[in-house]
Each structure stands twice: as structure tokens, then as C-alpha cells.
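To start, the structure itself, in C-alpha cells.
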Amino acid sequence: MKHFLRVVTQFFVFLYCKCLWRGLKFVIRKVTGRCELQRICHNNKPGARRTLKIESSLRYSKNELCQSALSAHPDRVEKTIDDIMTLKKVNPDTNPQLGISLQASLFQIVGYRSLVSEVEKLRREPYDCENPDHEEMLMKLWKTLRPDSPLTGRISKQWCEIGFQGNDPKTDFRGMGLLGLHNLLYFAEHDKATALQVLHDSLQPKHRSIPKEASKMSKAEWEQKNFDKAIGYSFAIVGINITDLAYSLLVSGALKTHLYNVAPEMPSLSHFQQTFCYLMQEFHRFWIEEDPCDIMEFNRVRSKFHRRVLRQLKNPDMALCPHFAASDLHLVNL
């Protein structure tokens with residue numbers, strides 16, 4: 001019986017999508033004198049709310065021209081919009097604003113797709129210690145975060161001071177490739193004060209309050225209770241991990257809400273890196289708020305933080321501040 005009801009439900013959903021909805025759109029156009037794209041632009045302000053609806057309309061259109069618009073080259077966006085307006089029988093002379101609105105949204109759509117490709121390319125490129133450009137970026141990261149501490153050698157335990165796991169940072173970049181290094185260096189260079197503060201905090205142990213009965217404990221009991229625990233984290237490793245989080249938000253499409261709201265036209269790599277800086281700072285705050293017992297709770301805290309960001313991004317009006325100063329970044333409701 002349940003299977004039968006499921007089949008019937010799916011049939012009616014299919015019927016609605018293929019027949020009733022298109023018929024309804026036809027009636028609405030006749031009544032309002034506007035096509036669906038016109039209604040979207042007229043009823044929604046610029047940003048994610050409008051662009052997401054335009055993207056959905058084009059993707060599920062029965063016309064191949066509309067579907068292919070989503071993968072148009074940036075140089076052909078203007079021509080593509082002209083073709084769509086001709087297809088929809090919209091006079092650009094009497095509706096000049098429509099072309100401008102559609103063009104801005106399509107630039108955002110194709111720009112997001114280009115950004116995903118660019119970020120993926122960086123993620124797939126492994127760190128190469130024989131590449132002078134890669135080595136130069138790594139040295140810049142050290143000098144920016146440790147300006148008063150000269151590096152004694154390329155292979156050194158000093159790398160642990162900025163949160164790498166071993167003597168050679170190249171092994172830590174395996175998961176995110178050059179993308180992790182690009183993001184860490186961007187954070188260190190573009191908001192140095194905040195990056196240094198986060199690094200400093202991450203190295204500090206947190207001293208928990210000592211209960212009265214602690215004075216009666218033996219040394220072994222004290223150590224077992226772990227009342228005094230260092231709960232800092234490895235700055236660079238967490239940065240690479242947050243890079244993975246930002247990457248997953250990007251490729252899943254969750255970041256469209258933010259990027260469509262802050263990028264007037266095409267989202268760029270700098271927009272993604274600014275998002276990373278925001279996530280680093282917010283994760284640091286979240287980590288302190290969660291007050292974990294030790295670093296073994298990192299995955300739990302990260303997962304909870306990830307879910308919180310996803311909930312925030314479900315609001316189509318939610319975005320990071322359009323200007324970038326990581327120390328001032330916060331989510332705002334446009």
C-alpha cells in the first residue's frame with residue numbers, strides 16, 4: 001500500500017512539473033504580460049534571491065538556449081541575454097532594465113562556475129618543493145607570521161610554531177594542495193593583525209578552574225582528572241581544514257547565497273579567500289565558545305560549526321559584509 005501511494009504521489013508530481021506548472025506559467029504570462037524571467041526581476045531585488053531564481057528558471061526551461069546559458073562563456077553573456085530576450089519576445093527598447101538585470105545575474109552564475117574550476121585547479125595542484133614559486137609562498141607565510149624569528153632551515157621544527165605537524169610543511173598540504181597555502185598566505189597578508197592574534201590564541205593553554213577537592217588529590221589523580229588542559233590547536237592544520245570546509249561549501253553550491261550577494265557580477269578567487277578569512281575567524285570564536293576538553297574534540301566542533309554556517313546560508317538574504325576587513329567581518333541581513 002505504501003509503495004502504491006508513493007508511485008501515485010510521484011506520478012502527480014511529474015504531472016504537475018511537466019504539464020500543470022507549464023500551463024500555469026502560460027496563463028500567468030497572458031494575464032500579466034510578463035514572462036517568468038521578467039516577473040523574477042520585477043519581484044526580487046538584486047542579489048542571491050533574484051539570481052538563484054533566474055538560475056533555476058534557466059536550468060529547468062524546456063528551451064535549449066536557456067539551459068545552455070548557464071554554461072555560457074563570460075565573453076558571450078551579453079549576446080546570450082539578447083538571444084533570450086528575442087526568444088521571450090521582450091522588446092529591449094521598452095524593457096531596458098530587464099537586459100541589465102539578466103546580464104548581471106548571468107555573470108554571477110557563470111562566474112561562480114568559473115570560480116569552482118579555479119579553486120578545484122588549485123586544490124589538485126600538489127605542493128612541489130622544487131618549484132621556486134611554491135617555496136617563495138611558504139617562506140612568505142613564515143615571515144609574515146613570525147617576522148622576528150628567522151627560519152634556521154627549510155626543514156625545521158620551527159614550522160610547528162605556526163601549526164604545521166612536522167619538520168616539513170609540504171606533507172600537510174596533501175589534502176588541499178596549493179589551495180591551503182594560498183588561503184593561509186592570503187589571511188596572513190590581508191588581515192595580518194587578526195591572523196597573528198588567532199595564531200597567538202591557538203598556542204595558549206586554557207587553565208580550567210580548580211575545584212576545592214583538587215587540593216586533596218594525589219598527583220596521579222590530578223593528572224587523571226586533567227583539570228589543567230592545553231586546548232589550543234595547530235593554526236596551519238586548522239587553516240587547511242577550514243579550507244576544506246570552504247571548498248565543500250563552494251562545490252555544493254551553498255556559497256552561492258553569500259557570493260551572489262557580495263559580488264555585483266562575477267565572483268572571483270579573492271571573494272573565496274575572503275570567505276576563508278571569515279570562516280577562520282568565526283571558527284576561532286566558535287572553538288572558544290564550545291570550550292572543548294582537548295583537540296580530540298576538533299571533529300565534533302568542526303561539524304557543529306559547519307552545520308551552523310549551512311543554516312545561515314539557507315537565508316537568501318544572508319551575506320558577509322561586502323567590504324573586507326576580517327576583524328570587522330560578520331554575517332549581516334541585507
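Letters for chains follow the order of the C-alpha cells (A, B, ...), residue numbers begin at 1 for each chain, and ligand numbers begin at 1 in the order shown.
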
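Summary of the local environment: counting only C-alpha atoms, residues at most 12 Å from Leu115 of chain A, other than itself and those fewer than 5 positions away along its chain, are A:Phe107, A:Gln108, A:Ile109, A:Val110, A:Glu120, A:Lys121, A:Leu122, A:Tyr247, A:Leu250, A:Val251, A:Gly253, A:Leu255, A:Lys256, A:Leu259, A:Met266, A:Pro267, A:Ser268, A:Leu269, A:Ser270, A:His271, A:Phe272, A:Gln273.
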
Apply DSSP to the backbone of this structure and, from segment 135-325 of chain A, keep only the residues in alpha helix (DSSP H); write these as an MDAnalysis selection string.
chainID A and resid 135:145 177:190 192:202 219:225 235:252 256:262 269:290 298:313

Distance atom CA of Thr194 of chain A-atom CA of Phe305 of chain A, one decimal place?
19.6 Å

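We find atom CA of Met296 of chain A and atom CA of Asp201 of chain A to be spaced 17.8 Å apart.
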
Would you work out the distance separating atom CA of Met318 of chain A from atom CA of Arg59 of chain A, expressed in Å to one decimal?
23.2 Å

9 Å contact set for Phe286 of chain A, only C-alpha atoms, chain neighbours under 4 positions out, as a VMD selection string
chain A and resid 281 to 282 290 to 291 301 305

Mind checking DSSP for segment 126-295 of chain A and telling me the strand (DSSP E) residues as a VMD selection string?
chain A and resid 206 to 207 228 to 229

Dump of N, CA, C and O atoms for the selected residues, as a PDB file, in the first residue's frame:
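Once everything was written out, this is again-v7.pdb:
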```
ATOM      1  N   LYS A 206      44.588  26.641  28.043  1.00  0.00           N
ATOM      2  CA  LYS A 206      43.496  27.210  28.834  1.00  0.00           C
ATOM      3  C   LYS A 206      43.494  26.556  30.195  1.00  0.00           C
ATOM      4  O   LYS A 206      43.407  25.345  30.309  1.00  0.00           O
ATOM      5  N   HIS A 207      43.552  27.372  31.209  1.00  0.00           N
ATOM      6  CA  HIS A 207      43.586  26.845  32.568  1.00  0.00           C
ATOM      7  C   HIS A 207      42.179  26.802  33.135  1.00  0.00           C
ATOM      8  O   HIS A 207      41.534  27.835  33.310  1.00  0.00           O
ATOM      9  N   ASP A 228      43.832  20.814  34.227  1.00  0.00           N
ATOM     10  CA  ASP A 228      44.591  21.861  33.544  1.00  0.00           C
ATOM     11  C   ASP A 228      44.995  21.319  32.183  1.00  0.00           C
ATOM     12  O   ASP A 228      45.928  20.549  32.071  1.00  0.00           O
ATOM     13  N   LYS A 229      44.267  21.730  31.155  1.00  0.00           N
ATOM     14  CA  LYS A 229      44.499  21.151  29.831  1.00  0.00           C
ATOM     15  C   LYS A 229      44.793  22.220  28.805  1.00  0.00           C
ATOM     16  O   LYS A 229      44.144  23.267  28.770  1.00  0.00           O
TER      17      LYS A 229
END
```

Residue with the minimum atom-to-atom distance to Leu179 of chain A, picked from A:Asn241, A:Gln158, A:Ser234, A:Ser202 with only C-alpha atoms counted, is A:Asn241

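The closest residue to Ala254 of chain A, picked from A:Gly99, A:Pro169, A:Pro316, A:Gly111 and counting only C-alpha atoms, is A:Pro316.
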
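With distances restricted to only C-alpha atoms, A:Gln204 is the closest residue to Glu161 of chain A from A:Asn183, A:Thr94, A:Gln204, A:Ser57.
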
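Distance check against Asp172 of chain A using only C-alpha atoms: of A:Glu130, A:Val238, A:Ser56, A:Ala195, the minimum falls on A:Val238.
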
Got a sec: who's within 10 Å of segment 135-140 of chain A, counting only C-alpha atoms, leaving out chain neighbours fewer than 2 positions off, as a VMD selection string?
chain A and resid 127 to 133 142 to 147 151 154 169 to 170 178 181 to 182 184 to 185 188 to 189
